[in-house]
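Comments concern the structure below.
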Amino acid sequence: MISVVIYYIASASAVFFYGIGLGRTMSLKDDSSKMMLSFIKALSTVSSSTAVGYLVNDWLLAPIGFSEIYPFVTLLIFLVFSIIIEIFIGVGIKKSSAEFSVTILSTLLALGEGVSLGHAVVISVSCVFSFYLLIFIFYAIRNRVSFYTNPNGIKIYPVLFVSLAAVIIAICGWNISWLNVL
């Protein structure tokens, strides 16, 4: 299970290779308390909707031959859990469409690639974790670069995109054969 977590956080990161939430990582401001609440909300939404979506697909849709409509059913389940968790956790958080897209796409990715309930939940949680980890990495890069740039010089976003390209090339060049189970 640890290999699945490492694989989806680092080498097959949903942010890097699918572009889930990439625009949001570039435009975030530093607000650690709201970021932590948003992280908790995203993790609880994704894990609960992935678990219920997997069970509905496995026990209801697959036996009757309607497993092709699992994205629509998953979206409905996701909306229900998102509204419930928004009521309990998200009272002080500003709503963002990027947070919705990151969580729903992580849920759909996990249901599409998960071979069991545990794997699907771990994949979805790992995708959300990689998104929030990348936010902190970009924030650190942005602060470091801001020390060396002048207001009339190079803008911060090209530097962040070059940093992202360097991270992707490093991950792709890294030997991940030890993650293979067989």
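Ordering of the structure tokens sets the chain letters (A, B, ...), residue numbers begin anew at 1 in every chain, and ligands are numbered from 1 in the order given.
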Practice task
Could you give me, as number ranges by chain, the residues within 9 Å of A:Ala120, counting only C-alpha atoms and dropping anything in the same chain fewer than 6 positions from it?
Solution key: A: 47, 50-51, 54, 107, 109-114
Exercise for the section: Find the spatial neighbours of A:Val5, counting only C-alpha atoms, within a cut-off of 10 Å - ignore same-chain residues fewer than 6 positions away - and output them as a ChimeraX atom specification. Expected result: /A:11-12,119,122-127,129-130
Practice task
May I have the residues within 8 Å of stretch 64-76 of chain A as a count of residues only, using only C-alpha atoms and disregarding those fewer than 5 positions away in the same chain?
Solution key: 6
Practice task
Grab the atom CA of A:Val128 to atom CA of A:Ala42 distance for me, in Å with one decimal place.
Solution key: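 That distance, rounded to one decimal, is 7.1 Å.
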